[in-house]
file coords-v7.cif (mmCIF, C-alpha atoms)
data_structure
#
loop_
_atom_site.label_atom_id
_atom_site.label_comp_id
_atom_site.auth_asym_id
_atom_site.auth_seq_id
_atom_site.Cartn_x
_atom_site.Cartn_y
_atom_site.Cartn_z
CA MET S 1 -135.03 40.30 -13.53
CA ALA S 2 -133.87 43.49 -15.04
CA GLY S 3 -135.71 45.49 -12.48
CA LYS S 4 -134.01 43.80 -9.50
CA LYS S 5 -131.00 45.47 -7.92
CA ARG S 6 -127.94 43.50 -6.88
CA VAL S 7 -127.31 43.62 -3.16
CA ARG S 8 -123.65 44.11 -2.23
CA ARG S 9 -122.39 42.38 0.88
CA THR S 10 -119.84 44.32 2.90
CA ARG S 11 -116.93 42.35 4.33
CA ALA S 12 -116.54 42.36 8.07
CA ALA S 13 -113.38 44.11 9.41
CA LYS S 14 -110.56 41.75 10.59
CA LYS S 15 -110.04 41.61 14.31
CA GLY S 16 -106.54 41.43 15.84
CA GLY S 17 -103.09 42.50 14.56
CA HIS S 18 -100.83 41.25 11.91
CA PRO S 19 -100.02 37.50 12.38
CA PHE S 20 -96.26 38.10 12.10
CA LEU S 21 -96.34 40.68 14.89
CA VAL S 22 -98.13 38.24 17.15
CA LEU S 23 -95.51 35.56 16.39
CA LEU S 24 -92.68 37.99 17.13
CA PHE S 25 -94.27 38.89 20.45
CA PHE S 26 -94.48 35.26 21.54
CA ILE S 27 -90.84 34.62 20.57
CA ALA S 28 -89.67 37.61 22.59
CA LEU S 29 -91.75 36.46 25.55
CA ILE S 30 -90.23 32.97 25.48
CA MET S 31 -86.64 34.27 25.24
CA GLY S 32 -87.19 36.72 28.09
CA SER S 33 -88.63 33.99 30.29
CA ALA S 34 -85.69 31.68 29.57
CA TYR S 35 -83.18 34.44 30.40
CA MET S 36 -84.84 35.32 33.70
CA THR S 37 -85.10 31.66 34.67
CA ASP S 38 -81.36 31.17 34.00
CA ARG S 39 -80.44 34.24 36.06
CA MET S 40 -82.60 33.16 38.97
CA THR S 41 -81.58 29.50 39.12
CA ASN S 42 -77.81 29.50 38.32
CA ALA S 43 -75.46 29.92 41.36
CA PRO S 44 -71.91 31.39 41.18
CA ASP S 45 -69.32 28.78 40.18
CA SER S 46 -66.12 27.91 42.09
CA GLU S 47 -64.04 30.36 40.04
CA VAL S 48 -66.18 33.29 41.14
CA ALA S 49 -65.93 32.18 44.77
CA GLN S 50 -62.16 31.91 44.46
CA ASN S 51 -61.98 35.42 43.04
CA VAL S 52 -63.96 36.74 46.00
CA THR S 53 -61.52 34.99 48.39
CA THR S 54 -58.53 36.46 46.57
CA ILE S 55 -59.98 39.95 46.82
CA GLY S 56 -60.40 39.40 50.54
CA HIS S 57 -56.72 38.42 50.86
CA LEU S 58 -55.69 41.53 48.97
CA PHE S 59 -57.34 43.69 51.61
CA ASN S 60 -55.54 41.70 54.35
CA ASP S 61 -52.16 41.62 52.59
CA LYS S 62 -49.79 43.60 54.80
CA GLU S 63 -47.18 43.65 52.06
CA MET S 64 -49.47 45.67 49.77
CA GLN S 65 -50.58 47.90 52.65
CA GLY S 66 -46.99 48.93 53.29
CA LEU S 67 -46.94 47.38 56.78
CA VAL S 68 -44.16 45.01 55.75
CA PRO S 69 -40.79 46.49 54.77
CA LYS S 70 -40.28 46.50 51.03
CA GLU S 71 -37.21 44.88 49.57
CA ASP S 72 -34.24 47.21 49.68
CA GLN S 73 -32.55 47.94 46.36
CA GLY S 74 -29.15 46.89 47.64
CA THR S 75 -26.96 47.11 50.72
CA PRO S 76 -23.23 47.91 50.61
CA GLU S 77 -22.43 44.20 50.75
CA SER S 78 -24.86 43.28 47.99
CA VAL S 79 -23.48 46.05 45.75
CA LYS S 80 -19.97 44.73 46.27
CA GLU S 81 -21.07 41.23 45.38
CA LYS S 82 -22.69 42.52 42.19
CA ILE S 83 -19.36 44.16 41.39
CA LYS S 84 -17.57 40.90 42.09
CA ALA S 85 -19.96 38.93 39.89
CA ALA S 86 -19.46 41.42 37.06
CA MET S 87 -15.69 41.34 37.48
CA ASP S 88 -15.64 37.53 37.34
CA LYS S 89 -17.35 37.63 33.94
CA VAL S 90 -14.76 39.94 32.44
CA VAL S 91 -11.77 38.35 30.72
CA THR S 92 -8.47 39.41 32.31
CA VAL S 93 -7.26 42.54 30.58
CA GLN S 94 -3.61 42.97 29.72
CA VAL S 95 -2.69 46.64 30.01
CA LYS S 96 0.57 47.65 28.34
CA ALA S 97 0.78 51.08 29.91
CA ASP S 98 -1.35 53.40 32.00
CA ASP S 99 -2.09 55.65 29.03
CA GLU S 100 -2.96 52.84 26.55
CA GLU S 101 -6.32 51.31 25.77
CA PRO S 102 -6.78 47.65 26.83
CA ALA S 103 -6.62 45.13 24.03
CA GLY S 104 -8.74 42.00 23.64
CA SER S 105 -11.12 42.78 26.49
CA SER S 106 -14.55 41.14 26.71
CA VAL S 107 -17.31 43.02 28.50
CA SER S 108 -20.23 41.24 30.15
CA SER S 109 -23.84 41.90 29.18
CA ASN S 110 -24.57 43.54 32.54
CA GLU S 111 -21.84 46.10 31.95
CA LYS S 112 -23.24 46.87 28.50
CA LYS S 113 -26.65 47.51 30.02
CA ASP S 114 -25.23 49.84 32.64
CA GLY S 115 -23.37 51.83 29.98
CA SER S 116 -20.68 52.61 32.53
CA GLN S 117 -17.71 51.39 30.47
CA THR S 118 -17.53 54.36 28.06
CA MET S 119 -14.54 56.65 28.47
CA GLU S 120 -14.10 60.28 27.56
CA LYS S 121 -11.76 60.87 24.63
CA GLY S 122 -8.43 62.49 25.34
CA LYS S 123 -8.23 61.19 28.92
CA LYS S 124 -5.95 58.48 30.17
CA ALA S 125 -7.53 55.06 30.82
CA SER S 126 -7.19 54.23 34.51
CA PHE S 127 -7.61 50.59 35.52
CA SER S 128 -7.08 50.86 39.26
CA LEU S 129 -9.51 48.87 41.41
CA PRO S 130 -11.38 51.92 42.78
CA SER S 131 -11.93 53.29 39.28
CA ILE S 132 -13.19 49.91 37.99
CA VAL S 133 -15.57 49.67 40.94
CA SER S 134 -16.92 53.17 40.27
CA LYS S 135 -17.38 52.43 36.55
CA ILE S 136 -19.26 49.17 37.16
CA THR S 137 -21.64 50.69 39.71
CA GLY S 138 -22.13 53.85 37.68
CA ASN S 139 -21.07 56.03 40.63
CA GLU S 140 -18.08 58.28 40.97
CA GLU S 141 -15.38 57.15 43.36
CA SER S 142 -15.79 60.23 45.52
CA HIS S 143 -19.51 59.48 45.90
CA GLU S 144 -18.81 55.95 47.09
CA ASN S 145 -16.28 57.17 49.62
CA THR S 146 -18.86 59.46 51.18
CA ALA S 147 -21.57 56.77 51.16
CA PHE S 148 -19.49 54.33 53.23
CA PRO S 149 -18.32 54.98 56.78
CA SER S 150 -14.57 55.29 57.17
CA SER S 151 -14.47 52.09 59.18
CA LEU S 152 -15.82 50.15 56.17
CA GLN S 153 -13.44 51.54 53.55
CA GLY S 154 -10.87 48.84 54.14
CA LYS S 155 -13.49 46.08 53.90
CA ARG S 156 -14.89 47.59 50.69
CA THR S 157 -11.47 47.69 49.03
CA GLU S 158 -10.68 44.17 50.21
CA ALA S 159 -13.96 42.82 48.80
CA ALA S 160 -13.37 44.55 45.47
CA SER S 161 -9.79 43.30 45.22
CA SER S 162 -10.93 39.72 45.79
CA ALA S 163 -12.98 40.02 42.58
CA VAL S 164 -9.85 40.24 40.40
CA SER S 165 -8.56 36.95 39.00
CA SER S 166 -5.61 35.74 41.08
CA THR S 167 -3.12 32.96 40.52
CA SER S 168 -4.13 29.40 41.34
CA SER S 169 -1.57 29.08 44.11
CA SER S 170 -2.80 32.13 46.04
CA THR S 171 -6.42 31.07 45.65
CA SER S 172 -5.82 27.58 46.94
CA SER S 173 -3.81 28.81 49.93
CA SER S 174 -6.50 31.32 50.97
CA THR S 175 -9.20 28.66 50.64
CA VAL S 176 -7.30 26.23 52.86
CA SER S 177 -6.68 28.86 55.54
CA THR S 178 -10.32 29.95 55.53
CA ALA S 179 -11.60 26.39 55.74
CA SER S 180 -9.41 25.70 58.77
CA SER S 181 -10.68 28.90 60.40
CA HIS S 182 -14.30 27.89 59.80
CA ARG S 183 -13.71 24.42 61.26
CA SER S 184 -12.10 25.79 64.41
CA GLN S 185 -14.93 28.25 65.01
CA ALA S 186 -17.65 25.69 64.33
CA ALA S 187 -16.03 23.39 66.90
CA ALA S 188 -16.05 26.16 69.53
CA ALA S 189 -19.76 26.95 69.01
CA PRO S 190 -22.49 24.95 70.74
CA SER S 191 -23.70 21.98 68.74
CA VAL S 192 -27.26 21.74 67.38
CA LYS S 193 -29.02 18.40 66.95
CA LYS S 194 -29.97 17.87 63.32
CA ASP S 195 -31.03 15.00 61.09
CA GLY S 196 -28.34 13.16 59.21
CA GLU S 197 -29.28 14.66 55.86
CA ASN S 198 -28.78 18.21 57.11
CA THR S 199 -25.43 17.87 58.88
CA LYS S 200 -23.42 18.20 55.69
CA ALA S 201 -22.53 21.81 54.86
CA PRO S 202 -21.86 22.81 51.24
CA ALA S 203 -18.23 22.41 50.26
CA LYS S 204 -18.05 25.90 48.74
CA GLN S 205 -17.39 28.61 51.34
CA SER S 206 -16.51 32.24 50.98
CA ALA S 207 -13.01 33.41 51.78
CA ALA S 208 -14.26 36.17 54.10
CA PRO S 209 -12.62 35.74 57.54
CA LEU S 210 -14.93 35.19 60.49
CA LYS S 211 -14.73 36.72 63.93
CA ALA S 212 -13.45 34.62 66.80
CA ALA S 213 -16.20 32.90 68.74
CA PRO S 214 -16.70 33.88 72.38
CA ALA S 215 -16.19 31.35 75.15
CA ALA S 216 -19.94 31.14 75.79
CA SER S 217 -23.14 32.20 74.06
CA PRO S 218 -24.84 35.42 75.21
CA LYS S 219 -27.13 34.96 78.17
CA PRO S 220 -30.42 36.83 78.57
CA ASN S 221 -29.80 40.03 80.42
CA THR S 222 -31.35 39.95 83.87
CA PRO S 223 -32.08 43.47 85.12
CA SER S 224 -32.72 43.88 88.81
CA ALA S 225 -36.39 44.44 88.00
CA VAL S 226 -37.54 42.91 84.71
CA LYS S 227 -40.39 45.01 83.31
CA GLY S 228 -40.82 43.20 79.99
CA LYS S 229 -39.28 40.60 77.70
CA LEU S 230 -38.44 41.49 74.09
CA ALA S 231 -37.59 38.87 71.44
CA VAL S 232 -35.83 40.20 68.33
CA VAL S 233 -35.45 38.42 64.97
CA ILE S 234 -33.14 39.89 62.31
CA ASP S 235 -34.44 39.04 58.81
CA ASP S 236 -32.80 39.00 55.36
CA ALA S 237 -29.35 37.90 56.54
CA GLY S 238 -26.95 36.68 53.87
CA ARG S 239 -26.75 39.97 52.00
CA ASP S 240 -24.96 42.41 54.30
CA LEU S 241 -22.27 40.98 56.60
CA ALA S 242 -21.16 44.41 57.84
CA SER S 243 -24.57 45.09 59.39
CA GLN S 244 -24.67 41.57 60.80
CA HIS S 245 -21.37 42.13 62.64
CA VAL S 246 -22.94 45.14 64.38
CA TYR S 247 -25.68 42.90 65.77
CA GLU S 248 -23.12 40.29 66.80
CA SER S 249 -21.24 42.90 68.83
CA LEU S 250 -24.30 43.86 70.92
CA GLY S 251 -23.86 40.86 73.23
CA ILE S 252 -27.59 40.19 73.67
CA PRO S 253 -29.83 37.25 72.67
CA LEU S 254 -30.83 37.76 69.03
CA THR S 255 -32.08 35.33 66.38
CA LEU S 256 -30.82 35.59 62.81
CA ALA S 257 -33.03 34.58 59.86
CA VAL S 258 -30.71 33.64 56.97
CA MET S 259 -32.01 33.63 53.40
CA PRO S 260 -30.98 30.77 51.08
CA ASN S 261 -29.38 31.29 47.67
CA GLN S 262 -27.65 34.54 48.66
CA VAL S 263 -24.03 35.63 48.18
CA HIS S 264 -23.31 35.37 51.93
CA THR S 265 -25.71 32.61 53.00
CA ARG S 266 -23.01 30.32 54.38
CA ASP S 267 -20.83 33.10 55.83
CA ALA S 268 -23.80 34.62 57.63
CA ALA S 269 -24.88 31.34 59.22
CA LEU S 270 -21.33 30.32 60.19
CA SER S 271 -20.43 33.68 61.70
CA TRP S 272 -23.65 33.98 63.73
CA HIS S 273 -23.45 30.37 64.92
CA ALA S 274 -19.81 30.86 65.89
CA HIS S 275 -20.93 33.65 68.22
CA GLY S 276 -23.20 31.22 70.02
CA LEU S 277 -26.40 32.72 68.58
CA PRO S 278 -29.32 30.74 67.07
CA VAL S 279 -29.94 30.69 63.33
CA ILE S 280 -33.24 30.08 61.52
CA LEU S 281 -33.99 29.71 57.81
CA HIS S 282 -35.70 32.70 56.19
CA GLN S 283 -37.63 30.75 53.54
CA PRO S 284 -39.10 32.72 50.61
CA MET S 285 -42.80 31.99 50.06
CA GLU S 286 -45.48 33.16 47.63
CA SER S 287 -47.06 36.57 48.22
CA VAL S 288 -50.52 37.74 47.18
CA SER S 289 -49.14 40.49 44.95
CA GLY S 290 -46.39 38.32 43.44
CA ILE S 291 -44.16 41.40 43.23
CA GLY S 292 -40.45 41.19 44.04
CA MET S 293 -40.41 37.48 44.86
CA GLU S 294 -37.17 35.48 44.90
CA SER S 295 -36.30 33.09 42.08
CA LYS S 296 -36.93 30.00 44.26
CA VAL S 297 -40.17 30.36 46.22
CA ILE S 298 -42.64 27.96 47.83
CA LEU S 299 -45.80 28.35 45.75
CA THR S 300 -49.32 27.22 46.57
CA SER S 301 -49.52 25.68 43.09
CA MET S 302 -46.61 23.31 43.82
CA SER S 303 -47.10 19.62 44.49
CA ASP S 304 -46.27 18.21 47.93
CA GLU S 305 -43.01 16.75 46.65
CA GLU S 306 -41.97 20.03 45.05
CA ILE S 307 -42.53 21.89 48.31
CA ARG S 308 -40.53 19.32 50.29
CA SER S 309 -37.72 19.32 47.74
CA LEU S 310 -37.40 23.12 47.79
CA LEU S 311 -37.50 23.23 51.59
CA LYS S 312 -34.85 20.52 51.85
CA SER S 313 -32.62 22.41 49.43
CA SER S 314 -32.91 25.59 51.50
CA LEU S 315 -32.25 23.82 54.80
CA SER S 316 -29.17 22.11 53.35
CA GLN S 317 -27.66 25.58 52.85
CA VAL S 318 -28.30 26.52 56.49
CA PRO S 319 -27.72 23.28 58.47
CA GLU S 320 -27.33 25.35 61.66
CA ALA S 321 -31.03 26.32 61.53
CA VAL S 322 -33.16 25.49 64.59
CA GLY S 323 -36.34 26.76 62.94
CA ILE S 324 -37.69 28.65 59.93
CA ASN S 325 -39.77 31.73 59.19
CA ASN S 326 -41.41 33.00 56.01
CA HIS S 327 -39.95 35.67 53.72
CA GLN S 328 -43.00 37.45 52.23
CA GLY S 329 -45.51 34.57 52.00
CA SER S 330 -48.76 36.52 52.42
CA LYS S 331 -50.46 33.98 50.13
CA ALA S 332 -48.63 30.79 51.11
CA THR S 333 -49.24 31.23 54.85
CA THR S 334 -53.01 31.50 54.27
CA ASP S 335 -53.14 28.22 52.33
CA ARG S 336 -53.75 25.38 54.79
CA HIS S 337 -52.51 22.57 52.54
CA THR S 338 -49.22 24.34 51.77
CA MET S 339 -48.65 24.99 55.45
CA GLU S 340 -49.40 21.37 56.35
CA VAL S 341 -46.73 20.13 53.94
CA VAL S 342 -44.22 22.57 55.46
CA MET S 343 -45.15 21.63 59.04
CA ASN S 344 -44.90 17.95 58.24
CA GLU S 345 -41.29 18.48 57.16
CA LEU S 346 -40.51 20.61 60.24
CA HIS S 347 -42.03 17.95 62.50
CA HIS S 348 -39.62 15.31 61.23
CA ARG S 349 -36.67 17.68 61.64
CA HIS S 350 -37.70 18.94 65.11
CA LEU S 351 -37.73 22.59 64.02
CA PHE S 352 -40.05 25.39 65.13
CA PHE S 353 -41.96 27.82 62.91
CA PHE S 354 -41.84 31.59 63.34
CA ASP S 355 -44.71 33.28 61.52
CA SER S 356 -43.62 36.67 60.11
CA ARG S 357 -47.32 37.61 59.81
CA THR S 358 -47.22 39.27 56.42
CA ASN S 359 -50.98 38.75 56.20
CA SER S 360 -53.68 39.59 58.74
CA THR S 361 -54.96 36.01 58.48
CA THR S 362 -52.86 32.85 58.65
CA ALA S 363 -53.25 29.09 58.39
CA ALA S 364 -49.77 28.41 59.79
CA ASP S 365 -50.87 28.29 63.43
CA GLY S 366 -53.50 25.60 62.86
CA ALA S 367 -51.18 23.53 60.65
CA ALA S 368 -48.38 23.78 63.23
CA ALA S 369 -50.72 22.64 66.01
CA SER S 370 -51.89 19.63 63.98
CA TYR S 371 -48.29 18.41 63.57
CA GLY S 372 -47.04 19.41 67.01
CA VAL S 373 -44.62 22.01 65.66
CA PRO S 374 -43.71 24.81 68.16
CA TYR S 375 -45.17 28.06 66.85
CA VAL S 376 -44.62 31.77 67.56
CA ARG S 377 -45.66 34.81 65.58
CA ASN S 378 -44.30 38.29 64.93
CA ASP S 379 -45.96 41.30 66.56
CA LEU S 380 -44.28 44.25 64.81
CA PHE S 381 -41.90 45.24 62.00
CA VAL S 382 -39.70 48.04 63.36
CA ASP S 383 -38.00 49.25 60.18
CA ASN S 384 -40.74 50.06 57.68
CA GLU S 385 -39.01 53.43 57.31
CA ALA S 386 -35.33 53.72 56.35
CA ASP S 387 -34.45 56.29 59.01
CA VAL S 388 -32.51 55.71 62.24
CA ALA S 389 -34.73 58.03 64.28
CA ALA S 390 -37.94 56.43 62.99
CA ILE S 391 -36.61 52.90 63.61
CA SER S 392 -35.51 53.87 67.12
CA ALA S 393 -39.01 55.19 67.82
CA MET S 394 -40.51 51.87 66.73
CA ILE S 395 -38.11 49.94 68.98
CA ARG S 396 -39.12 52.22 71.83
CA GLU S 397 -42.79 51.49 71.10
CA ALA S 398 -42.08 47.75 71.10
CA ALA S 399 -40.42 48.09 74.53
CA LYS S 400 -43.52 49.84 75.88
CA ARG S 401 -45.72 47.04 74.59
CA ALA S 402 -43.38 44.46 76.13
CA GLN S 403 -43.86 46.19 79.47
CA LYS S 404 -47.63 46.20 78.95
CA TYR S 405 -48.09 42.60 77.75
CA GLY S 406 -45.11 40.95 79.42
CA THR S 407 -43.58 39.65 76.17
CA TYR S 408 -43.34 41.05 72.66
CA VAL S 409 -41.80 39.82 69.39
CA ILE S 410 -40.37 42.14 66.74
CA ILE S 411 -38.58 41.85 63.40
CA GLY S 412 -35.75 44.05 62.15
CA HIS S 413 -33.60 43.59 59.08
CA CYS S 414 -29.94 43.16 58.30
CA ARG S 415 -29.50 46.75 57.12
CA PRO S 416 -27.06 49.47 58.22
CA LYS S 417 -29.62 51.94 59.60
CA THR S 418 -31.58 49.28 61.46
CA ALA S 419 -28.37 47.93 63.01
CA GLU S 420 -27.37 51.46 64.09
CA ALA S 421 -30.78 52.02 65.69
CA PHE S 422 -30.46 48.83 67.74
CA ARG S 423 -26.89 49.75 68.73
CA GLN S 424 -28.18 53.01 70.16
CA MET S 425 -31.33 51.65 71.80
CA VAL S 426 -30.20 48.39 73.41
CA PRO S 427 -28.20 49.95 76.32
CA GLN S 428 -31.08 52.32 77.10
CA LEU S 429 -33.70 49.57 77.13
CA GLU S 430 -31.57 47.32 79.33
CA LYS S 431 -31.29 50.11 81.90
CA GLU S 432 -35.09 50.49 81.80
CA GLY S 433 -35.67 46.82 82.68
CA ILE S 434 -36.20 45.30 79.22
CA GLN S 435 -34.90 41.74 79.06
CA PHE S 436 -33.90 40.45 75.61
CA VAL S 437 -34.76 36.78 75.03
CA TYR S 438 -34.60 34.28 72.17
CA VAL S 439 -37.76 33.95 70.11
CA SER S 440 -37.58 30.14 70.49
CA SER S 441 -38.21 30.57 74.24
CA LEU S 442 -41.68 31.95 73.41
CA ALA S 443 -42.67 29.20 70.94
CA LYS S 444 -45.57 27.02 72.04
#
call {"tool": "encode", "arguments": {"input": "coords-v7.cif", "output": "structure tokens"}}
result
Amino acid sequence: MAGKKRVRRTRAAKKGGHPFLVLLFFIALIMGSAYMTDRMTNAPDSEVAQNVTTIGHLFNDKEMQGLVPKEDQGTPESVKEKIKAAMDKVVTVQVKADDEEPAGSSVSSNEKKDGSQTMEKGKKASFSLPSIVSKITGNEESHENTAFPSSLQGKRTEAASSAVSSTSSSTSSSTVSTASSHRSQAAAAPSVKKDGENTKAPAKQSAAPLKAAPAASPKPNTPSAVKGKLAVVIDDAGRDLASQHVYESLGIPLTLAVMPNQVHTRDAALSWHAHGLPVILHQPMESVSGIGMESKVILTSMSDEEIRSLLKSSLSQVPEAVGINNHQGSKATTDRHTMEVVMNELHHRHLFFFDSRTNSTTAADGAAASYGVPYVRNDLFVDNEADVAAISAMIREAAKRAQKYGTYVIIGHCRPKTAEAFRQMVPQLEKEGIQFVYVSSLAK
């Protein structure tokens, strides 16, 4: 036994890797397979599809492309109304002498924001109406005088003076005289058939005197050889009466689109209607960008009843309206359901719809056809630029297209430079055979 050697057995080498590494590999393989399966089988949800649609509308939104005139920062009339609103909020100041400071005055929050009420020390405090106007607007009086034409200076002073608190007797007498003037002019103008709920005009009317109505409404000019028909709609009325009066004096068929909830909404509609010219409602609607929208706007997120209620409220302010068109509305006019609710209301009121075409695509035409509402759309905005020469060139281009296509529809705005451009161009176009017609005559 001692002579025998012990035989050592060598252990065989292990095949394969570490068991934990193998387990980790299988876990990673399973997770990767699950991820790829999820990516390959799941389809985009409705929210993603809606985002894609919205992006498409952004590319078609004429408002964001600059093809639709941007909102102006304020016309002479709107500035005066801001002055009037600010003056109404100020408590009447008792001034003992021209060189004394006013005592017990209360300044509105808007005036504090403007910072235009501070006076230089050592100077006399002047409380004449022109100086108050210049202090509220933040402009010097001399600057305002140069900004307004001489023919408008009297109207500017009259509008500013009406802002000061007057005695109750003078206020009541002016209101009575104005109301009688409005009634006489409304009686002289042609009547428009409306539903019973829209025949009542708001009791509150501005004291601004209206022009006398002509014996008959303007008739379409009939040149010896008509080469084209041009329909013109003037948007954004209710802010600048001075510009509106320029259009009224042209003596041609024009349609005025009056905005609701403006300082001159009623005056604009009454004055235009008294001249025998048709009025439509310029209804604010939701835009794609959502920038610069009015406080009361038809939104696509509204319920049917909310849309009807807002539309009824707007129409009650402009009972003379024979139709409506959209203010902005690049999003609302592409939403079929919103347009169907609007067209349903117009159908019951026998009104037509004028599509301003603030978006390259629209659902208003199909909705109007389904409810039998007469429909017509805009072809061109002529005052994207605030320059008389540029606006005149666009009107000239519209006339050429009217000659080419037979009819053409354009939109201008109730602004001083646009009104001046039309005043210069209308006589020339009439001599060249352009016939001005109402936009309602082209509705189908």
call {"tool": "atom_distance", "arguments": {"input": "coords-v7.cif", "atom1": "atom CA of S:Val233", "atom2": "atom CA of S:Asp387"}}
result
18.9 Å
call {"tool": "atom_distance", "arguments": {"input": "coords-v7.cif", "atom1": "atom CA of S:Leu256", "atom2": "atom CA of S:Asp235"}}
result
6.4 Å
call {"tool": "atom_distance", "arguments": {"input": "coords-v7.cif", "atom1": "atom CA of S:Thr338", "atom2": "atom CA of S:Leu277"}}
result
29.6 Å
call {"tool": "closest_residue", "arguments": {"input": "coords-v7.cif", "among": "S:Gly412, S:Pro260, S:Gly228, S:Pro69", "to": "S:Ile395", "atoms": "all atoms listed in the file"}}
result
S:Gly412
call {"tool": "closest_residue", "arguments": {"input": "coords-v7.cif", "among": "S:Thr334, S:Ser392, S:Ser309, S:Asn326", "to": "S:Gly366", "atoms": "all atoms listed in the file"}}
result
S:Thr334
call {"tool": "closest_residue", "arguments": {"input": "coords-v7.cif", "among": "S:Ala225, S:Ala269, S:Leu299, S:Val318", "to": "S:Met339", "atoms": "only C-alpha atoms"}}
result
S:Leu299
